[in-house]
Amino acid sequence: MRLSRRTILLGAGTLPFAAASLRTGALAQTAPAAQNADVPPILFVHGNGDYDALWMTTLWRMESNGIARDRMMAINFTDPLARSDDKVEQANRSSTEDQRRELAAAITELKRRTGVPRVALVGSSRGGNAIRNVIRSGGAGDVSHAVLCGTPNHGVFATDDQPNNEFNGRGAFLRGLNEGESEVTPGVAFLTLRSDGMDKYAQSDGRFIGKPGTPTNVTAEGPELKGATNLVLGALDHREVAFHPRAFREIYKFIAGREPTRIAIVPAQSVLLSGLVTGTPGGVSTNRPVTGATVEIFRVDPDTGERKGSAVHSAKTGADGRWGPAQVDPTWSLEFVLAAPDAPTTHIYRSPFPRSSDVVHLRPARPLGPADKDAGAVVIMSRPRGYFGLPRDVVLFDGKEPADVKPGVPTDAAATLRLPAAEIGRNIVAQFGEERIVARLWPAAENRIAIAELTY
C-alpha cells in the first residue's frame, strides 16, 4: 500500500449507449514520441451529468507524450445523472450499481483490446465513486492505479437525512466504501487530487447545494482518502482538478512514474473529428443517442465569426447518434450547427482543434423559456472543463464580466446574454484567459441559440 503524502501546489491556472461510446479513436494521431508501452492502458471516467468528451484535452496531452490512443478509452455512461435516492428508480438516471456494471464492462473491454491484465482508472467527481465501487466489489485485480479527481469521497454533505443519497457522507453507499482503518483497497495505487478551498462540492456551508447557513459537515479535505497519495492543486475548481494542465501533470506522473515530456498539446498536420449527438429526454441530460439530427460544420473567421464558404461537413445521425468523420485544418475556427428533433437549432462556436478527436459530442441547447421571451437573440458562453472564477480568472463576455457569474468559489460554468432583435447580425466575443471565441447572434424568433464553447 502506498503511504499518504500531502503536497500543496500553489496557484490557479486559466490557461447504442455504453458499448457504442467506448471508442478508441483510431482517427487520432500519436505524437512522434516513444509509445510508452510500460504505461498501463488508461480508462477515463466522467462525472455526474457529464460525458466522455470532457477528457478530450487530457487525451490530446497524453497523445502528445507518446501514449497511443488505442491504449486509452473514455467511458460514456448511458445515464450519467445520479438518482436522488439510490434505491429508487428514476427515469434517465443511474444508480451506483448501474455505474459499477457499465464501468466493469469497460474495464473488461479495454483489457481485451490491449491484452494487458491491469488498467489505470482516472475519474472526475462522481466517476471516482464508480471507480472505488468497482475496485471494492472484486475488481482490484484488474486495476493498477486509481486517480480520483475532486471525488466527494466523504460526501457533498454528511447528515442524517437522505440516507440513500449517493453523495451523503453518512449514507449507506459512502459508509460502505469508507469503512475500515484504510479507505483504499490494498494492491491498487490510489491518488486523490483536490482543490485548496475552491471546490464547490467540498464546502462547509450548504449554500453551494441550495441550503445556505446549513452545515454540510464536509470540508475542503473531503476528497482525500486514508491510505492514498493526496495532492492539493491550489485554487483550482471542482472540474479543473481533473481537466486542467496541472491535473494532467499529476495524473501522468502518478501512472507513468515520471514527469511528462510536455504539458502543451502537439498539433497534428491534419485533423479528423467525429462524435455523438445526445439529448435531454424529460429535461434530464443523458448520453443516449439522438436519431435524425443534422450536423453541419462551417469554417469561420476567428475575428468576426462569419462563415468562410459553404459547409465543410454535413451529415444526419442514424440510430447510433454518431456524426463524422469530418476533416478540418488544425488552425480553423469552427461553427457547428446542430438541428435535433424538438430542440432549438444550436450554433456552437469552437476554437481550432489541434488534434483529431472522436469525442466531439454535441447536445442541443435547452429550449427557450420564460426568461427568453423578450429576447431577440440568446447567446451562451460555456466552459465544460471548469468553472468561471471571479476575480480569479479573466472572464469577458461581450467586453464585460458576466453579470450571472458569482464571485468567490467558482460555481458557474455558463453565462447567458439576452439581446434585442436590433442587434442580430453582429458578433459577440467570449474571452476566458487566453482563449477567445467570436460567435454570431441568431434570431430567437427562429428558435435558434448560439453557444461559444470553450475548449480549455
# chains A, B, ... in the order shown; residues from 1 in each chain; ligands from 1
$ select_by_dssp --residues "segment 140-292 of chain A" --states "strand (DSSP E)" --output "list in words"
Val143, Ser144, His145, Ala146, Val147, Leu148, Cys149, Ala189, Phe190, Leu191, Thr192, Leu193, Arg194, Thr229, Asn230, Leu231, Val232, Val271, Leu272, Leu273, Ser274, Gly275 and Leu276 of chain A
$ write_last_selection --atoms "N, CA, C and O atoms" --output "PDB file, in the first residue's frame"
ATOM      1  N   VAL A 143      -7.073  -3.603 -11.771  1.00  0.00           N
ATOM      2  CA  VAL A 143      -6.736  -2.177 -11.719  1.00  0.00           C
ATOM      3  C   VAL A 143      -5.375  -1.981 -11.060  1.00  0.00           C
ATOM      4  O   VAL A 143      -5.134  -2.464  -9.944  1.00  0.00           O
ATOM      5  N   SER A 144      -4.496  -1.257 -11.751  1.00  0.00           N
ATOM      6  CA  SER A 144      -3.179  -0.963 -11.192  1.00  0.00           C
ATOM      7  C   SER A 144      -3.168   0.368 -10.442  1.00  0.00           C
ATOM      8  O   SER A 144      -2.563   0.487  -9.377  1.00  0.00           O
ATOM      9  N   HIS A 145      -3.818   1.387 -11.015  1.00  0.00           N
ATOM     10  CA  HIS A 145      -3.835   2.728 -10.451  1.00  0.00           C
ATOM     11  C   HIS A 145      -5.265   3.263 -10.456  1.00  0.00           C
ATOM     12  O   HIS A 145      -6.031   3.008 -11.382  1.00  0.00           O
ATOM     13  N   ALA A 146      -5.590   4.050  -9.439  1.00  0.00           N
ATOM     14  CA  ALA A 146      -6.887   4.737  -9.374  1.00  0.00           C
ATOM     15  C   ALA A 146      -6.624   6.190  -9.015  1.00  0.00           C
ATOM     16  O   ALA A 146      -6.092   6.485  -7.943  1.00  0.00           O
ATOM     17  N   VAL A 147      -6.976   7.098  -9.934  1.00  0.00           N
ATOM     18  CA  VAL A 147      -6.797   8.527  -9.712  1.00  0.00           C
ATOM     19  C   VAL A 147      -8.182   9.155  -9.586  1.00  0.00           C
ATOM     20  O   VAL A 147      -9.003   9.050 -10.501  1.00  0.00           O
ATOM     21  N   LEU A 148      -8.451   9.778  -8.449  1.00  0.00           N
ATOM     22  CA  LEU A 148      -9.765  10.338  -8.151  1.00  0.00           C
ATOM     23  C   LEU A 148      -9.641  11.856  -8.076  1.00  0.00           C
ATOM     24  O   LEU A 148      -8.949  12.385  -7.209  1.00  0.00           O
ATOM     25  N   CYS A 149     -10.299  12.551  -8.991  1.00  0.00           N
ATOM     26  CA  CYS A 149     -10.140  13.999  -9.144  1.00  0.00           C
ATOM     27  C   CYS A 149     -11.399  14.716  -8.651  1.00  0.00           C
ATOM     28  O   CYS A 149     -12.450  14.637  -9.286  1.00  0.00           O
ATOM     29  N   ALA A 189      -2.774   1.316  -6.394  1.00  0.00           N
ATOM     30  CA  ALA A 189      -2.174   2.596  -6.026  1.00  0.00           C
ATOM     31  C   ALA A 189      -3.214   3.700  -6.210  1.00  0.00           C
ATOM     32  O   ALA A 189      -3.744   3.883  -7.310  1.00  0.00           O
ATOM     33  N   PHE A 190      -3.525   4.415  -5.131  1.00  0.00           N
ATOM     34  CA  PHE A 190      -4.561   5.452  -5.163  1.00  0.00           C
ATOM     35  C   PHE A 190      -3.925   6.845  -5.084  1.00  0.00           C
ATOM     36  O   PHE A 190      -3.032   7.093  -4.278  1.00  0.00           O
ATOM     37  N   LEU A 191      -4.448   7.769  -5.915  1.00  0.00           N
ATOM     38  CA  LEU A 191      -4.098   9.188  -5.867  1.00  0.00           C
ATOM     39  C   LEU A 191      -5.384   9.993  -5.824  1.00  0.00           C
ATOM     40  O   LEU A 191      -6.316   9.725  -6.597  1.00  0.00           O
ATOM     41  N   THR A 192      -5.466  10.970  -4.919  1.00  0.00           N
ATOM     42  CA  THR A 192      -6.578  11.920  -4.957  1.00  0.00           C
ATOM     43  C   THR A 192      -6.036  13.304  -5.275  1.00  0.00           C
ATOM     44  O   THR A 192      -4.960  13.690  -4.810  1.00  0.00           O
ATOM     45  N   LEU A 193      -6.775  14.031  -6.086  1.00  0.00           N
ATOM     46  CA  LEU A 193      -6.470  15.419  -6.426  1.00  0.00           C
ATOM     47  C   LEU A 193      -7.621  16.281  -5.960  1.00  0.00           C
ATOM     48  O   LEU A 193      -8.781  15.971  -6.244  1.00  0.00           O
ATOM     49  N   ARG A 194      -7.289  17.353  -5.225  1.00  0.00           N
ATOM     50  CA  ARG A 194      -8.359  18.215  -4.736  1.00  0.00           C
ATOM     51  C   ARG A 194      -7.956  19.674  -4.787  1.00  0.00           C
ATOM     52  O   ARG A 194      -6.780  20.027  -4.998  1.00  0.00           O
ATOM     53  N   THR A 229      -2.224   8.579  -1.848  1.00  0.00           N
ATOM     54  CA  THR A 229      -1.412   9.776  -2.055  1.00  0.00           C
ATOM     55  C   THR A 229      -2.387  10.918  -2.298  1.00  0.00           C
ATOM     56  O   THR A 229      -3.178  10.856  -3.246  1.00  0.00           O
ATOM     57  N   ASN A 230      -2.367  11.938  -1.446  1.00  0.00           N
ATOM     58  CA  ASN A 230      -3.340  13.032  -1.526  1.00  0.00           C
ATOM     59  C   ASN A 230      -2.635  14.331  -1.893  1.00  0.00           C
ATOM     60  O   ASN A 230      -1.761  14.793  -1.159  1.00  0.00           O
ATOM     61  N   LEU A 231      -2.995  14.904  -3.039  1.00  0.00           N
ATOM     62  CA  LEU A 231      -2.373  16.136  -3.517  1.00  0.00           C
ATOM     63  C   LEU A 231      -3.388  17.269  -3.570  1.00  0.00           C
ATOM     64  O   LEU A 231      -4.549  17.054  -3.928  1.00  0.00           O
ATOM     65  N   VAL A 232      -2.926  18.458  -3.235  1.00  0.00           N
ATOM     66  CA  VAL A 232      -3.753  19.663  -3.268  1.00  0.00           C
ATOM     67  C   VAL A 232      -3.257  20.551  -4.399  1.00  0.00           C
ATOM     68  O   VAL A 232      -2.090  20.929  -4.422  1.00  0.00           O
ATOM     69  N   VAL A 271      -6.607  16.994 -39.212  1.00  0.00           N
ATOM     70  CA  VAL A 271      -7.482  16.657 -38.090  1.00  0.00           C
ATOM     71  C   VAL A 271      -8.776  16.046 -38.608  1.00  0.00           C
ATOM     72  O   VAL A 271      -9.399  16.564 -39.540  1.00  0.00           O
ATOM     73  N   LEU A 272      -9.171  14.936 -38.007  1.00  0.00           N
ATOM     74  CA  LEU A 272     -10.468  14.321 -38.271  1.00  0.00           C
ATOM     75  C   LEU A 272     -11.301  14.384 -36.999  1.00  0.00           C
ATOM     76  O   LEU A 272     -10.824  14.017 -35.918  1.00  0.00           O
ATOM     77  N   LEU A 273     -12.542  14.852 -37.129  1.00  0.00           N
ATOM     78  CA  LEU A 273     -13.434  14.993 -35.988  1.00  0.00           C
ATOM     79  C   LEU A 273     -14.682  14.155 -36.183  1.00  0.00           C
ATOM     80  O   LEU A 273     -15.210  14.032 -37.290  1.00  0.00           O
ATOM     81  N   SER A 274     -15.150  13.575 -35.099  1.00  0.00           N
ATOM     82  CA  SER A 274     -16.431  12.869 -35.104  1.00  0.00           C
ATOM     83  C   SER A 274     -16.959  12.847 -33.679  1.00  0.00           C
ATOM     84  O   SER A 274     -16.247  13.184 -32.734  1.00  0.00           O
ATOM     85  N   GLY A 275     -18.203  12.456 -33.519  1.00  0.00           N
ATOM     86  CA  GLY A 275     -18.768  12.451 -32.179  1.00  0.00           C
ATOM     87  C   GLY A 275     -20.170  11.902 -32.141  1.00  0.00           C
ATOM     88  O   GLY A 275     -20.649  11.265 -33.085  1.00  0.00           O
ATOM     89  N   LEU A 276     -20.834  12.198 -31.053  1.00  0.00           N
ATOM     90  CA  LEU A 276     -22.158  11.663 -30.751  1.00  0.00           C
ATOM     91  C   LEU A 276     -23.105  12.822 -30.480  1.00  0.00           C
ATOM     92  O   LEU A 276     -22.742  13.788 -29.816  1.00  0.00           O
TER      93      LEU A 276
END
$ residues_around --residues "Pro330 of chain A" --least-positions-apart "3" --cutoff "8 Å" --atoms "only C-alpha atoms" --output "ChimeraX atom specification"
/A:267-271,352-355
$ residues_around --residues "segment 423-436 of chain A" --least-positions-apart "4" --cutoff "8 Å" --atoms "only C-alpha atoms" --output "list of chain:residue names"
A:Thr14, A:Leu15, A:Thr304, A:Gly305, A:Ser351, A:Gly376, A:Ala377, A:Met381, A:Asp393, A:Val394, A:Val395, A:Leu396, A:Phe397, A:Asp398, A:Gly399, A:Leu419, A:Arg440, A:Leu441, A:Trp442, A:Pro443, A:Ala452, A:Leu454, A:Tyr456
$ write_last_selection --atoms "N, CA and C atoms" --output "CSV table (one decimal), in the first residue's frame"
chain,number,residue,atom,x,y,z
A,14,THR,N,-5.5,29.6,-15.7
A,14,THR,CA,-6.6,30.0,-16.6
A,14,THR,C,-6.1,29.5,-17.9
A,15,LEU,N,-5.4,29.0,-17.8
A,15,LEU,CA,-4.9,28.5,-19.0
A,15,LEU,C,-6.1,28.1,-19.9
A,304,THR,N,-14.4,37.6,-36.7
A,304,THR,CA,-15.8,38.1,-36.9
A,304,THR,C,-16.8,37.0,-36.6
A,305,GLY,N,-16.4,35.7,-36.7
A,305,GLY,CA,-17.4,34.7,-36.6
A,305,GLY,C,-18.2,34.4,-37.9
A,351,SER,N,-13.0,27.0,-30.8
A,351,SER,CA,-11.7,27.3,-31.1
A,351,SER,C,-11.1,26.2,-32.0
A,376,GLY,N,-34.4,39.1,-28.4
A,376,GLY,CA,-34.3,38.9,-29.9
A,376,GLY,C,-33.3,37.9,-30.2
A,377,ALA,N,-32.2,37.7,-29.3
A,377,ALA,CA,-31.2,36.7,-29.6
A,377,ALA,C,-30.7,36.3,-28.2
A,381,MET,N,-22.1,31.5,-23.1
A,381,MET,CA,-20.7,31.3,-23.0
A,381,MET,C,-20.5,30.1,-22.1
A,393,ASP,N,-10.1,34.6,-12.5
A,393,ASP,CA,-9.9,34.4,-13.9
A,393,ASP,C,-10.2,35.7,-14.7
A,394,VAL,N,-9.7,35.8,-15.9
A,394,VAL,CA,-10.1,36.8,-16.9
A,394,VAL,C,-11.3,36.2,-17.6
A,395,VAL,N,-12.5,36.7,-17.3
A,395,VAL,CA,-13.8,36.3,-18.0
A,395,VAL,C,-14.5,37.5,-18.5
A,396,LEU,N,-14.6,37.6,-19.8
A,396,LEU,CA,-15.2,38.7,-20.5
A,396,LEU,C,-16.2,38.2,-21.5
A,397,PHE,N,-17.4,38.7,-21.5
A,397,PHE,CA,-18.5,38.3,-22.4
A,397,PHE,C,-19.1,39.5,-23.0
A,398,ASP,N,-18.8,39.7,-24.3
A,398,ASP,CA,-19.2,41.0,-24.9
A,398,ASP,C,-18.5,42.2,-24.3
A,399,GLY,N,-17.3,42.0,-23.8
A,399,GLY,CA,-16.5,43.1,-23.3
A,399,GLY,C,-16.7,43.4,-21.8
A,419,LEU,N,-30.2,39.6,-25.9
A,419,LEU,CA,-30.1,40.9,-26.5
A,419,LEU,C,-31.3,41.2,-27.4
A,440,ARG,N,-21.7,34.6,-33.6
A,440,ARG,CA,-22.7,35.4,-34.2
A,440,ARG,C,-24.0,35.3,-33.5
A,441,LEU,N,-24.8,36.4,-33.5
A,441,LEU,CA,-26.1,36.3,-33.0
A,441,LEU,C,-27.1,35.8,-34.0
A,442,TRP,N,-28.0,35.0,-33.5
A,442,TRP,CA,-29.1,34.4,-34.4
A,442,TRP,C,-30.4,34.7,-33.8
A,443,PRO,N,-31.5,34.8,-34.7
A,443,PRO,CA,-32.8,35.2,-34.2
A,443,PRO,C,-33.5,34.1,-33.2
A,452,ALA,N,-20.9,29.9,-27.4
A,452,ALA,CA,-19.4,29.9,-27.5
A,452,ALA,C,-18.9,29.0,-26.5
A,454,LEU,N,-16.0,27.0,-24.9
A,454,LEU,CA,-14.5,27.0,-24.6
A,454,LEU,C,-14.0,25.6,-24.6
A,456,TYR,N,-10.7,25.0,-23.3
A,456,TYR,CA,-9.7,24.9,-22.2
A,456,TYR,C,-10.2,25.6,-20.9
$ closest_atom_pairs --of "segment 269-309 of chain A" --to "segment 92-105 of chain A" --cutoff "10 Å" --atoms "only C-alpha atoms" --output "CSV"
residue,atom,partner,partner_atom,distance
A:Thr280,CA,A:Asn92,CA,9.0
A:Pro281,CA,A:Asn92,CA,7.6
A:Gly282,CA,A:Asn92,CA,8.3
A:Gly283,CA,A:Asn92,CA,9.5
A:Val284,CA,A:Asn92,CA,6.7
A:Ser285,CA,A:Asn92,CA,8.0
A:Thr286,CA,A:Asn92,CA,6.7
A:Asn287,CA,A:Asn92,CA,9.5
A:Arg288,CA,A:Asn92,CA,9.1
$ closest_atom_pairs --of "segment 87-191 of chain A" --to "segment 37-54 of chain A" --cutoff "9 Å" --atoms "only C-alpha atoms" --output "JSON lines"
{"residue": "A:Leu103", "atom": "CA", "partner": "A:Val45", "partner_atom": "CA", "distance": 8.2}
{"residue": "A:Ala106", "atom": "CA", "partner": "A:Leu43", "partner_atom": "CA", "distance": 8.0}
{"residue": "A:Ile107", "atom": "CA", "partner": "A:Leu43", "partner_atom": "CA", "distance": 7.4}
{"residue": "A:Leu110", "atom": "CA", "partner": "A:Pro41", "partner_atom": "CA", "distance": 7.4}
{"residue": "A:Lys111", "atom": "CA", "partner": "A:Pro41", "partner_atom": "CA", "distance": 8.0}
{"residue": "A:Thr114", "atom": "CA", "partner": "A:Pro41", "partner_atom": "CA", "distance": 7.3}
{"residue": "A:Val116", "atom": "CA", "partner": "A:Pro41", "partner_atom": "CA", "distance": 7.5}
{"residue": "A:Arg118", "atom": "CA", "partner": "A:Pro40", "partner_atom": "CA", "distance": 7.0}
{"residue": "A:Val119", "atom": "CA", "partner": "A:Pro41", "partner_atom": "CA", "distance": 5.1}
{"residue": "A:Ala120", "atom": "CA", "partner": "A:Ile42", "partner_atom": "CA", "distance": 4.7}
{"residue": "A:Leu121", "atom": "CA", "partner": "A:Leu43", "partner_atom": "CA", "distance": 5.0}
{"residue": "A:Val122", "atom": "CA", "partner": "A:Phe44", "partner_atom": "CA", "distance": 4.8}
{"residue": "A:Gly123", "atom": "CA", "partner": "A:Val45", "partner_atom": "CA", "distance": 4.5}
{"residue": "A:Ser124", "atom": "CA", "partner": "A:Gly47", "partner_atom": "CA", "distance": 5.2}
{"residue": "A:Ser125", "atom": "CA", "partner": "A:Gly47", "partner_atom": "CA", "distance": 5.0}
{"residue": "A:Arg126", "atom": "CA", "partner": "A:Gly47", "partner_atom": "CA", "distance": 4.5}
{"residue": "A:Gly127", "atom": "CA", "partner": "A:Gly47", "partner_atom": "CA", "distance": 4.7}
{"residue": "A:Gly128", "atom": "CA", "partner": "A:Val45", "partner_atom": "CA", "distance": 7.5}
{"residue": "A:Ala130", "atom": "CA", "partner": "A:Val45", "partner_atom": "CA", "distance": 8.3}
{"residue": "A:Ile131", "atom": "CA", "partner": "A:Val45", "partner_atom": "CA", "distance": 8.0}
{"residue": "A:Ser144", "atom": "CA", "partner": "A:Pro40", "partner_atom": "CA", "distance": 7.7}
{"residue": "A:His145", "atom": "CA", "partner": "A:Pro40", "partner_atom": "CA", "distance": 8.7}
{"residue": "A:Thr151", "atom": "CA", "partner": "A:Gly47", "partner_atom": "CA", "distance": 8.7}
$ closest_residue --among "A:Trp55, A:Glu250, A:Gly206, A:Val438" --to "Asp301 of chain A" --atoms "only C-alpha atoms"
A:Val438
$ residues_around --residues "Ile380 of chain A" --least-positions-apart "5" --cutoff "6 Å" --atoms "only C-alpha atoms" --output "list in words"
Ala415, Thr416 and Ile451 of chain A
$ closest_atom_pairs --of "segment 200-246 of chain A" --to "segment 58-65 of chain A" --cutoff "9 Å" --atoms "only C-alpha atoms" --output "Markdown table"
| residue | atom | partner | partner_atom | distance |
| --- | --- | --- | --- | --- |
| A:Ala242 | CA | A:Thr58 | CA | 8.8 |
| A:Phe243 | CA | A:Thr58 | CA | 6.5 |
| A:His244 | CA | A:Thr58 | CA | 8.3 |
| A:Pro245 | CA | A:Thr58 | CA | 8.1 |
$ write_last_selection --atoms "all heavy atoms" --output "PDB file, in the first residue's frame"
ATOM      1  N   ALA A 242      -9.564  17.849 -12.456  1.00  0.00           N
ATOM      2  CA  ALA A 242      -9.487  16.710 -13.381  1.00  0.00           C
ATOM      3  C   ALA A 242      -8.934  17.120 -14.737  1.00  0.00           C
ATOM      4  O   ALA A 242      -8.145  16.377 -15.337  1.00  0.00           O
ATOM      5  CB  ALA A 242     -10.865  16.078 -13.568  1.00  0.00           C
ATOM      6  N   PHE A 243      -9.312  18.302 -15.251  1.00  0.00           N
ATOM      7  CA  PHE A 243      -9.081  18.619 -16.657  1.00  0.00           C
ATOM      8  C   PHE A 243      -8.049  19.715 -16.917  1.00  0.00           C
ATOM      9  O   PHE A 243      -7.721  19.976 -18.070  1.00  0.00           O
ATOM     10  CB  PHE A 243     -10.418  19.016 -17.305  1.00  0.00           C
ATOM     11  CG  PHE A 243     -11.507  18.011 -17.076  1.00  0.00           C
ATOM     12  CD1 PHE A 243     -12.648  18.341 -16.357  1.00  0.00           C
ATOM     13  CD2 PHE A 243     -11.384  16.714 -17.553  1.00  0.00           C
ATOM     14  CE1 PHE A 243     -13.650  17.406 -16.136  1.00  0.00           C
ATOM     15  CE2 PHE A 243     -12.375  15.771 -17.337  1.00  0.00           C
ATOM     16  CZ  PHE A 243     -13.515  16.121 -16.625  1.00  0.00           C
ATOM     17  N   HIS A 244      -7.543  20.354 -15.881  1.00  0.00           N
ATOM     18  CA  HIS A 244      -6.560  21.420 -16.036  1.00  0.00           C
ATOM     19  C   HIS A 244      -5.176  20.837 -16.345  1.00  0.00           C
ATOM     20  O   HIS A 244      -4.888  19.686 -15.987  1.00  0.00           O
ATOM     21  CB  HIS A 244      -6.503  22.213 -14.720  1.00  0.00           C
ATOM     22  CG  HIS A 244      -5.757  23.488 -14.803  1.00  0.00           C
ATOM     23  ND1 HIS A 244      -4.394  23.568 -14.643  1.00  0.00           N
ATOM     24  CD2 HIS A 244      -6.185  24.760 -15.012  1.00  0.00           C
ATOM     25  CE1 HIS A 244      -4.002  24.824 -14.755  1.00  0.00           C
ATOM     26  NE2 HIS A 244      -5.063  25.572 -14.979  1.00  0.00           N
ATOM     27  N   PRO A 245      -4.287  21.601 -17.018  1.00  0.00           N
ATOM     28  CA  PRO A 245      -2.918  21.101 -17.244  1.00  0.00           C
ATOM     29  C   PRO A 245      -2.196  20.678 -15.969  1.00  0.00           C
ATOM     30  O   PRO A 245      -1.408  19.723 -15.991  1.00  0.00           O
ATOM     31  CB  PRO A 245      -2.224  22.298 -17.898  1.00  0.00           C
ATOM     32  CG  PRO A 245      -3.322  23.033 -18.597  1.00  0.00           C
ATOM     33  CD  PRO A 245      -4.537  22.866 -17.725  1.00  0.00           C
TER      34      PRO A 245
END
